[in-house]
file start38.txt (compact mmCIF, C-alpha atoms and all ligand atoms)
# COMPACT_ATOMS: atom_id res chain seq x y z
CA MET A 252 0.00 0.00 0.00
CA VAL A 253 1.29 3.37 -0.94
CA GLU A 254 0.42 6.12 1.41
CA GLU A 255 -0.29 9.40 -0.28
CA PRO A 256 1.81 12.24 1.03
CA LEU A 257 -0.17 14.82 2.92
CA ASP A 258 1.56 17.74 1.29
CA GLU A 259 1.57 16.62 -2.28
CA ILE A 260 3.03 19.25 -4.56
CA VAL A 261 0.60 20.08 -7.32
CA TYR A 262 0.74 22.64 -10.05
CA CYS A 263 -2.00 24.95 -11.22
CA ARG A 264 -3.80 23.53 -14.24
CA TRP A 265 -3.75 26.94 -15.87
CA HIS A 266 -0.25 27.92 -14.74
CA PRO A 267 1.82 24.69 -14.85
CA LYS A 268 4.81 26.39 -13.22
CA VAL A 269 2.97 27.64 -10.17
CA GLU A 270 2.86 25.35 -7.14
CA THR A 271 -0.31 25.37 -5.16
CA SER A 272 -2.28 23.53 -2.51
CA LEU A 273 -5.66 24.88 -3.52
CA ARG A 274 -8.21 22.77 -5.33
CA CYS A 275 -11.47 23.58 -7.03
CA TYR A 276 -14.28 22.32 -4.79
CA GLN A 277 -16.35 21.30 -7.80
CA CYS A 278 -13.99 19.49 -10.17
CA GLY A 279 -10.95 19.05 -7.96
CA ALA A 280 -8.56 20.75 -10.37
CA ALA A 281 -5.44 22.25 -8.81
CA ILE A 282 -5.60 26.01 -8.96
CA CYS A 283 -3.21 28.76 -7.94
CA SER A 284 -4.34 31.71 -5.88
CA LYS A 285 -4.58 33.81 -9.06
CA CYS A 286 -7.04 31.39 -10.68
CA ALA A 287 -9.02 30.53 -7.57
CA ARG A 288 -12.17 32.48 -6.92
CA ARG A 289 -13.33 32.34 -3.36
CA THR A 290 -17.00 31.45 -2.90
CA PRO A 291 -18.94 30.80 0.31
CA VAL A 292 -18.51 27.02 -0.19
CA GLY A 293 -14.89 26.90 -1.38
CA TYR A 294 -12.57 27.81 -4.23
CA LEU A 295 -13.72 27.61 -7.84
CA CYS A 296 -11.51 27.11 -10.89
CA PRO A 297 -11.97 29.35 -13.97
CA ASP A 298 -13.86 26.62 -15.87
CA CYS A 299 -16.36 25.87 -13.12
CA ARG A 300 -16.81 29.57 -12.57
CA LYS A 301 -17.89 29.95 -16.20
CA SER A 302 -20.49 27.18 -16.03
CA HIS A 303 -21.58 28.60 -12.68
CA THR A 304 -22.31 31.95 -14.31
CA LYS A 305 -24.12 30.25 -17.17
CA ARG A 306 -26.36 28.33 -14.81
CA PHE A 307 -27.06 31.56 -13.00
CA ASP A 308 -28.02 33.33 -16.21
CA ASN A 309 -30.53 30.85 -17.60
CA VAL A 310 -33.34 33.15 -18.72
CA ARG A 311 -34.73 32.72 -22.21
CA ILE A 312 -34.92 35.71 -24.49
CA TYR A 313 -38.75 35.78 -24.26
CA ASP A 314 -38.50 36.01 -20.48
CA TYR A 315 -37.43 39.62 -21.03
CA ALA A 316 -40.56 40.23 -23.12
CA ILE A 317 -42.76 38.65 -20.42
CA ALA A 318 -41.03 40.74 -17.75
CA ALA A 319 -41.50 43.90 -19.82
CA VAL A 320 -45.24 43.34 -20.39
CA VAL A 321 -45.94 42.36 -16.77
CA ALA A 322 -43.96 45.33 -15.46
CA LEU A 323 -45.66 47.72 -17.87
CA VAL A 324 -49.21 46.62 -17.04
CA LEU A 325 -48.80 46.12 -13.28
CA GLY A 326 -46.63 49.26 -13.01
CA ALA A 327 -49.37 51.27 -14.73
CA ILE A 328 -52.02 49.84 -12.38
CA ALA A 329 -49.82 50.47 -9.33
CA SER A 330 -49.32 54.09 -10.37
CA TYR A 331 -52.96 54.68 -9.36
CA ILE A 332 -52.20 53.82 -5.72
CA PRO A 333 -51.56 57.45 -4.67
CA LEU A 334 -54.96 58.34 -6.15
CA LEU A 335 -56.92 56.02 -3.83
CA PRO A 336 -59.44 57.91 -1.70
CA PHE A 337 -57.68 57.08 1.56
CA ALA A 338 -54.30 58.31 0.23
CA GLY A 339 -51.82 58.88 3.01
CA TRP A 340 -48.94 57.33 4.88
CA TYR A 341 -50.23 53.87 4.01
CA ILE A 342 -48.27 54.36 0.80
CA PHE A 343 -45.09 53.36 2.65
CA PHE A 344 -46.69 49.96 3.04
CA VAL A 345 -48.81 49.57 -0.09
CA SER A 346 -46.28 50.76 -2.69
CA PRO A 347 -43.47 48.37 -1.64
CA LEU A 348 -46.11 45.64 -1.53
CA ALA A 349 -47.04 46.47 -5.13
CA GLY A 350 -43.36 46.24 -6.04
CA ALA A 351 -43.09 42.85 -4.33
CA ILE A 352 -46.17 41.62 -6.21
CA ILE A 353 -44.70 42.77 -9.54
CA ALA A 354 -41.39 41.03 -8.76
CA GLU A 355 -43.20 37.85 -7.73
CA ALA A 356 -45.42 37.88 -10.84
CA VAL A 357 -42.38 38.25 -13.12
CA SER A 358 -40.53 35.54 -11.21
CA ARG A 359 -43.42 33.08 -11.55
CA LEU A 360 -44.19 33.80 -15.19
CA THR A 361 -40.52 33.32 -16.10
CA ARG A 362 -40.58 30.05 -14.08
CA ARG A 363 -38.03 31.48 -11.64
CA ARG A 364 -35.27 31.40 -14.23
CA GLN A 365 -32.41 33.52 -13.02
CA SER A 366 -30.78 36.53 -14.59
CA ARG A 367 -28.57 39.32 -13.42
CA HIS A 368 -30.31 41.70 -15.81
CA LEU A 369 -34.00 40.88 -15.58
CA TRP A 370 -34.59 43.39 -12.76
CA LYS A 371 -33.35 46.21 -14.99
CA VAL A 372 -36.03 45.38 -17.58
CA VAL A 373 -38.69 45.29 -14.87
CA VAL A 374 -37.58 48.62 -13.38
CA ALA A 375 -37.46 50.29 -16.80
CA PHE A 376 -40.95 49.12 -17.79
CA VAL A 377 -42.53 49.96 -14.43
CA VAL A 378 -41.22 53.50 -14.95
CA ILE A 379 -42.60 53.60 -18.51
CA GLY A 380 -45.97 52.24 -17.32
CA SER A 381 -46.09 54.91 -14.62
CA LEU A 382 -45.19 57.79 -16.95
CA PRO A 383 -48.75 58.88 -17.88
CA MET A 384 -49.68 59.04 -14.21
CA LEU A 385 -46.41 60.80 -13.31
CA LEU A 386 -47.11 63.47 -15.92
CA MET A 387 -50.60 63.89 -14.50
CA TYR A 388 -49.18 64.28 -11.00
CA ALA A 389 -46.63 66.79 -12.27
CA PHE A 390 -49.30 68.98 -13.88
CA GLY A 391 -51.57 68.45 -10.89
CA GLY A 392 -48.71 69.50 -8.67
CA ILE A 393 -48.27 72.77 -10.56
CA ALA A 394 -52.00 73.45 -10.25
CA VAL A 395 -51.88 72.66 -6.53
CA PHE A 396 -48.98 75.02 -5.88
CA MET A 397 -50.76 77.77 -7.83
CA SER A 398 -53.87 77.38 -5.71
CA GLY A 399 -51.97 76.96 -2.42
CA ASN A 400 -53.98 73.89 -1.42
CA ALA A 401 -52.09 72.30 1.51
CA ARG A 402 -53.87 68.94 1.26
CA GLY A 403 -53.07 68.81 -2.44
CA VAL A 404 -49.37 69.31 -1.70
CA TRP A 405 -49.45 66.15 0.42
CA SER A 406 -51.09 64.07 -2.29
CA VAL A 407 -48.41 65.20 -4.74
CA PHE A 408 -45.77 64.26 -2.16
CA PHE A 409 -47.22 60.76 -1.83
CA ALA A 410 -47.46 60.47 -5.59
CA LEU A 411 -43.76 61.31 -5.97
CA ILE A 412 -42.69 58.91 -3.26
CA HIS A 413 -44.75 56.03 -4.69
CA LEU A 414 -42.48 55.12 -7.60
CA PRO A 415 -39.17 54.95 -5.67
CA LEU A 416 -40.90 52.69 -3.12
CA VAL A 417 -42.15 50.34 -5.84
CA LEU A 418 -38.77 50.25 -7.60
CA GLY A 419 -36.91 49.77 -4.32
CA ALA A 420 -38.99 46.70 -3.50
CA ILE A 421 -38.46 45.27 -6.99
CA ILE A 422 -34.69 45.77 -6.87
CA TYR A 423 -34.54 44.34 -3.35
CA ARG A 424 -36.41 41.18 -4.40
CA MET A 425 -34.90 40.62 -7.83
CA ARG A 426 -31.33 41.87 -7.76
CA LEU A 427 -29.60 39.65 -5.22
CA ARG A 428 -30.74 36.36 -6.60
ZN ZN B 1 -13.38 23.37 -11.26
ZN ZN B 2 -3.29 29.49 -12.00

call {"tool": "encode", "arguments": {"input": "start38.txt", "output": "structure tokens"}}
result
Amino acid sequence: MVEEPLDEIVYCRWHPKVETSLRCYQCGAAICSKCARRTPVGYLCPDCRKSHTKRFDNVRIYDYAIAAVVALVLGAIASYIPLLPFAGWYIFFVSPLAGAIIAEAVSRLTRRRQSRHLWKVVVAFVVIGSLPMLLMYAFGGIAVFMSGNARGVWSVFFALIHLPLVLGAIIYRMRLR
């Protein structure tokens, strides 16, 4: 029986002249510290890192179209939230909830396929869907300031704060996947 030495000298698969003791946790390839990428579970070699990224980015091209349509429609509907008769501080709860619903709807309709870029599409189309309402609020805001209506100023404030709350919730739910 041949006992394997504990400190076997191995050379990096990508840099055959560099000695190393690191190994890729997925394929076991010897890797030098330059090639190794630290992950929460261990070191990854360049090859496994590539397939890792591919697996992470597995959305189909039509997923972007689905995300765009869902974000446009739901974003447009959500932009009416500040107009509800009981408009007020509840917006700090309802608007992020709307964002979470939009993110969840997109995630389900794209069968939870992952992408580092999908959230950007959703954010962009929620903004586009909200544009008509934003313009209305902007003109309404001018009218309110001309008339000096204090209650109207608040409703414009809530209207302006609505969109960042929605987008914040979407980014929070979709970005760090
Ligand atoms: Zn590997
Ligand atoms: Zn190397």

call {"tool": "closest_residue", "arguments": {"input": "start38.txt", "among": "A:Cys278, A:Ala356, A:Ala389, A:Leu295", "to": "ligand ZN 2 (chain B)", "atoms": "only C-alpha atoms and all ligand atoms"}}
result
A:Leu295

call {"tool": "closest_residue", "arguments": {"input": "start38.txt", "among": "A:Ala287, A:Ala327, A:Leu411, A:Ile421", "to": "Val374 of chain A", "atoms": "only C-alpha atoms"}}
result
A:Ile421

call {"tool": "residues_around", "arguments": {"input": "start38.txt", "residues": "Ala318 of chain A", "least_positions_apart": "5", "cutoff": "12 Å", "atoms": "only C-alpha atoms", "output": "ChimeraX atom specification"}}
result
/A:310-313,323-326,353-364,366,368-377,421,425

call {"tool": "write_last_selection", "arguments": {"input": "start38.txt", "atoms": "C-alpha atoms", "output": "compact mmCIF listing (two decimals), in the frame of the given file"}}
result
# COMPACT_ATOMS: atom_id res chain seq x y z
CA VAL A 310 -33.34 33.15 -18.72
CA ARG A 311 -34.73 32.72 -22.21
CA ILE A 312 -34.92 35.71 -24.49
CA TYR A 313 -38.75 35.78 -24.26
CA LEU A 323 -45.66 47.72 -17.87
CA VAL A 324 -49.21 46.62 -17.04
CA LEU A 325 -48.80 46.12 -13.28
CA GLY A 326 -46.63 49.26 -13.01
CA ILE A 353 -44.70 42.77 -9.54
CA ALA A 354 -41.39 41.03 -8.76
CA GLU A 355 -43.20 37.85 -7.73
CA ALA A 356 -45.42 37.88 -10.84
CA VAL A 357 -42.38 38.25 -13.12
CA SER A 358 -40.53 35.54 -11.21
CA ARG A 359 -43.42 33.08 -11.55
CA LEU A 360 -44.19 33.80 -15.19
CA THR A 361 -40.52 33.32 -16.10
CA ARG A 362 -40.58 30.05 -14.08
CA ARG A 363 -38.03 31.48 -11.64
CA ARG A 364 -35.27 31.40 -14.23
CA SER A 366 -30.78 36.53 -14.59
CA HIS A 368 -30.31 41.70 -15.81
CA LEU A 369 -34.00 40.88 -15.58
CA TRP A 370 -34.59 43.39 -12.76
CA LYS A 371 -33.35 46.21 -14.99
CA VAL A 372 -36.03 45.38 -17.58
CA VAL A 373 -38.69 45.29 -14.87
CA VAL A 374 -37.58 48.62 -13.38
CA ALA A 375 -37.46 50.29 -16.80
CA PHE A 376 -40.95 49.12 -17.79
CA VAL A 377 -42.53 49.96 -14.43
CA ILE A 421 -38.46 45.27 -6.99
CA MET A 425 -34.90 40.62 -7.83

call {"tool": "closest_residue", "arguments": {"input": "start38.txt", "among": "A:His413, A:Arg426, A:Arg367, A:Arg300", "to": "ligand ZN 1 (chain B)", "atoms": "only C-alpha atoms and all ligand atoms"}}
result
A:Arg300

call {"tool": "closest_residue", "arguments": {"input": "start38.txt", "among": "A:Val261, A:Cys275, A:Ala420, A:Ile412", "to": "Trp340 of chain A", "atoms": "only C-alpha atoms"}}
result
A:Ile412

call {"tool": "atom_distance", "arguments": {"input": "start38.txt", "atom1": "atom CA of Asp298 of chain A", "atom2": "atom ZN of ligand ZN 2 (chain B)"}}
result
11.6 Å

call {"tool": "atom_distance", "arguments": {"input": "start38.txt", "atom1": "atom CA of Ile422 of chain A", "atom2": "atom CA of Leu348 of chain A"}}
result
12.6 Å

call {"tool": "decode", "arguments": {"input": "start38.txt", "residues": "segment 256-337 of chain A", "atoms": "C-alpha atoms", "output": "mmCIF file, in the first residue's frame"}}
result
data_model
loop_
_atom_site.group_PDB
_atom_site.id
_atom_site.type_symbol
_atom_site.label_atom_id
_atom_site.label_comp_id
_atom_site.auth_asym_id
_atom_site.auth_seq_id
_atom_site.Cartn_x
_atom_site.Cartn_y
_atom_site.Cartn_z
ATOM 1 C CA PRO A 256 1.810 12.240 1.027
ATOM 2 C CA LEU A 257 -0.169 14.820 2.921
ATOM 3 C CA ASP A 258 1.562 17.735 1.292
ATOM 4 C CA GLU A 259 1.569 16.616 -2.279
ATOM 5 C CA ILE A 260 3.028 19.249 -4.563
ATOM 6 C CA VAL A 261 0.597 20.077 -7.319
ATOM 7 C CA TYR A 262 0.740 22.640 -10.052
ATOM 8 C CA CYS A 263 -2.004 24.948 -11.219
ATOM 9 C CA ARG A 264 -3.800 23.534 -14.237
ATOM 10 C CA TRP A 265 -3.747 26.943 -15.875
ATOM 11 C CA HIS A 266 -0.247 27.918 -14.737
ATOM 12 C CA PRO A 267 1.820 24.686 -14.852
ATOM 13 C CA LYS A 268 4.812 26.389 -13.219
ATOM 14 C CA VAL A 269 2.968 27.636 -10.166
ATOM 15 C CA GLU A 270 2.859 25.353 -7.142
ATOM 16 C CA THR A 271 -0.315 25.368 -5.160
ATOM 17 C CA SER A 272 -2.276 23.534 -2.507
ATOM 18 C CA LEU A 273 -5.662 24.879 -3.523
ATOM 19 C CA ARG A 274 -8.210 22.771 -5.326
ATOM 20 C CA CYS A 275 -11.475 23.582 -7.035
ATOM 21 C CA TYR A 276 -14.282 22.322 -4.790
ATOM 22 C CA GLN A 277 -16.347 21.303 -7.796
ATOM 23 C CA CYS A 278 -13.993 19.486 -10.173
ATOM 24 C CA GLY A 279 -10.948 19.046 -7.959
ATOM 25 C CA ALA A 280 -8.556 20.754 -10.367
ATOM 26 C CA ALA A 281 -5.444 22.252 -8.811
ATOM 27 C CA ILE A 282 -5.595 26.012 -8.962
ATOM 28 C CA CYS A 283 -3.208 28.762 -7.944
ATOM 29 C CA SER A 284 -4.344 31.710 -5.881
ATOM 30 C CA LYS A 285 -4.584 33.811 -9.058
ATOM 31 C CA CYS A 286 -7.044 31.388 -10.682
ATOM 32 C CA ALA A 287 -9.020 30.529 -7.569
ATOM 33 C CA ARG A 288 -12.171 32.482 -6.923
ATOM 34 C CA ARG A 289 -13.331 32.339 -3.361
ATOM 35 C CA THR A 290 -17.004 31.448 -2.901
ATOM 36 C CA PRO A 291 -18.944 30.800 0.311
ATOM 37 C CA VAL A 292 -18.507 27.024 -0.194
ATOM 38 C CA GLY A 293 -14.889 26.903 -1.377
ATOM 39 C CA TYR A 294 -12.566 27.808 -4.231
ATOM 40 C CA LEU A 295 -13.724 27.614 -7.835
ATOM 41 C CA CYS A 296 -11.507 27.112 -10.892
ATOM 42 C CA PRO A 297 -11.974 29.352 -13.969
ATOM 43 C CA ASP A 298 -13.858 26.616 -15.872
ATOM 44 C CA CYS A 299 -16.359 25.870 -13.124
ATOM 45 C CA ARG A 300 -16.810 29.569 -12.568
ATOM 46 C CA LYS A 301 -17.886 29.951 -16.196
ATOM 47 C CA SER A 302 -20.488 27.179 -16.026
ATOM 48 C CA HIS A 303 -21.585 28.598 -12.681
ATOM 49 C CA THR A 304 -22.310 31.950 -14.306
ATOM 50 C CA LYS A 305 -24.117 30.248 -17.174
ATOM 51 C CA ARG A 306 -26.358 28.332 -14.812
ATOM 52 C CA PHE A 307 -27.062 31.560 -12.995
ATOM 53 C CA ASP A 308 -28.015 33.330 -16.210
ATOM 54 C CA ASN A 309 -30.530 30.851 -17.603
ATOM 55 C CA VAL A 310 -33.342 33.152 -18.716
ATOM 56 C CA ARG A 311 -34.728 32.724 -22.209
ATOM 57 C CA ILE A 312 -34.918 35.714 -24.491
ATOM 58 C CA TYR A 313 -38.746 35.785 -24.262
ATOM 59 C CA ASP A 314 -38.497 36.013 -20.483
ATOM 60 C CA TYR A 315 -37.429 39.616 -21.029
ATOM 61 C CA ALA A 316 -40.558 40.226 -23.124
ATOM 62 C CA ILE A 317 -42.758 38.646 -20.421
ATOM 63 C CA ALA A 318 -41.027 40.737 -17.747
ATOM 64 C CA ALA A 319 -41.498 43.897 -19.822
ATOM 65 C CA VAL A 320 -45.235 43.341 -20.394
ATOM 66 C CA VAL A 321 -45.938 42.356 -16.772
ATOM 67 C CA ALA A 322 -43.956 45.329 -15.456
ATOM 68 C CA LEU A 323 -45.655 47.718 -17.869
ATOM 69 C CA VAL A 324 -49.207 46.616 -17.040
ATOM 70 C CA LEU A 325 -48.797 46.123 -13.282
ATOM 71 C CA GLY A 326 -46.628 49.257 -13.008
ATOM 72 C CA ALA A 327 -49.365 51.269 -14.725
ATOM 73 C CA ILE A 328 -52.021 49.837 -12.385
ATOM 74 C CA ALA A 329 -49.821 50.471 -9.330
ATOM 75 C CA SER A 330 -49.321 54.088 -10.374
ATOM 76 C CA TYR A 331 -52.964 54.684 -9.361
ATOM 77 C CA ILE A 332 -52.201 53.816 -5.723
ATOM 78 C CA PRO A 333 -51.559 57.447 -4.671
ATOM 79 C CA LEU A 334 -54.961 58.344 -6.151
ATOM 80 C CA LEU A 335 -56.918 56.022 -3.834
ATOM 81 C CA PRO A 336 -59.440 57.910 -1.695
ATOM 82 C CA PHE A 337 -57.677 57.079 1.563
#
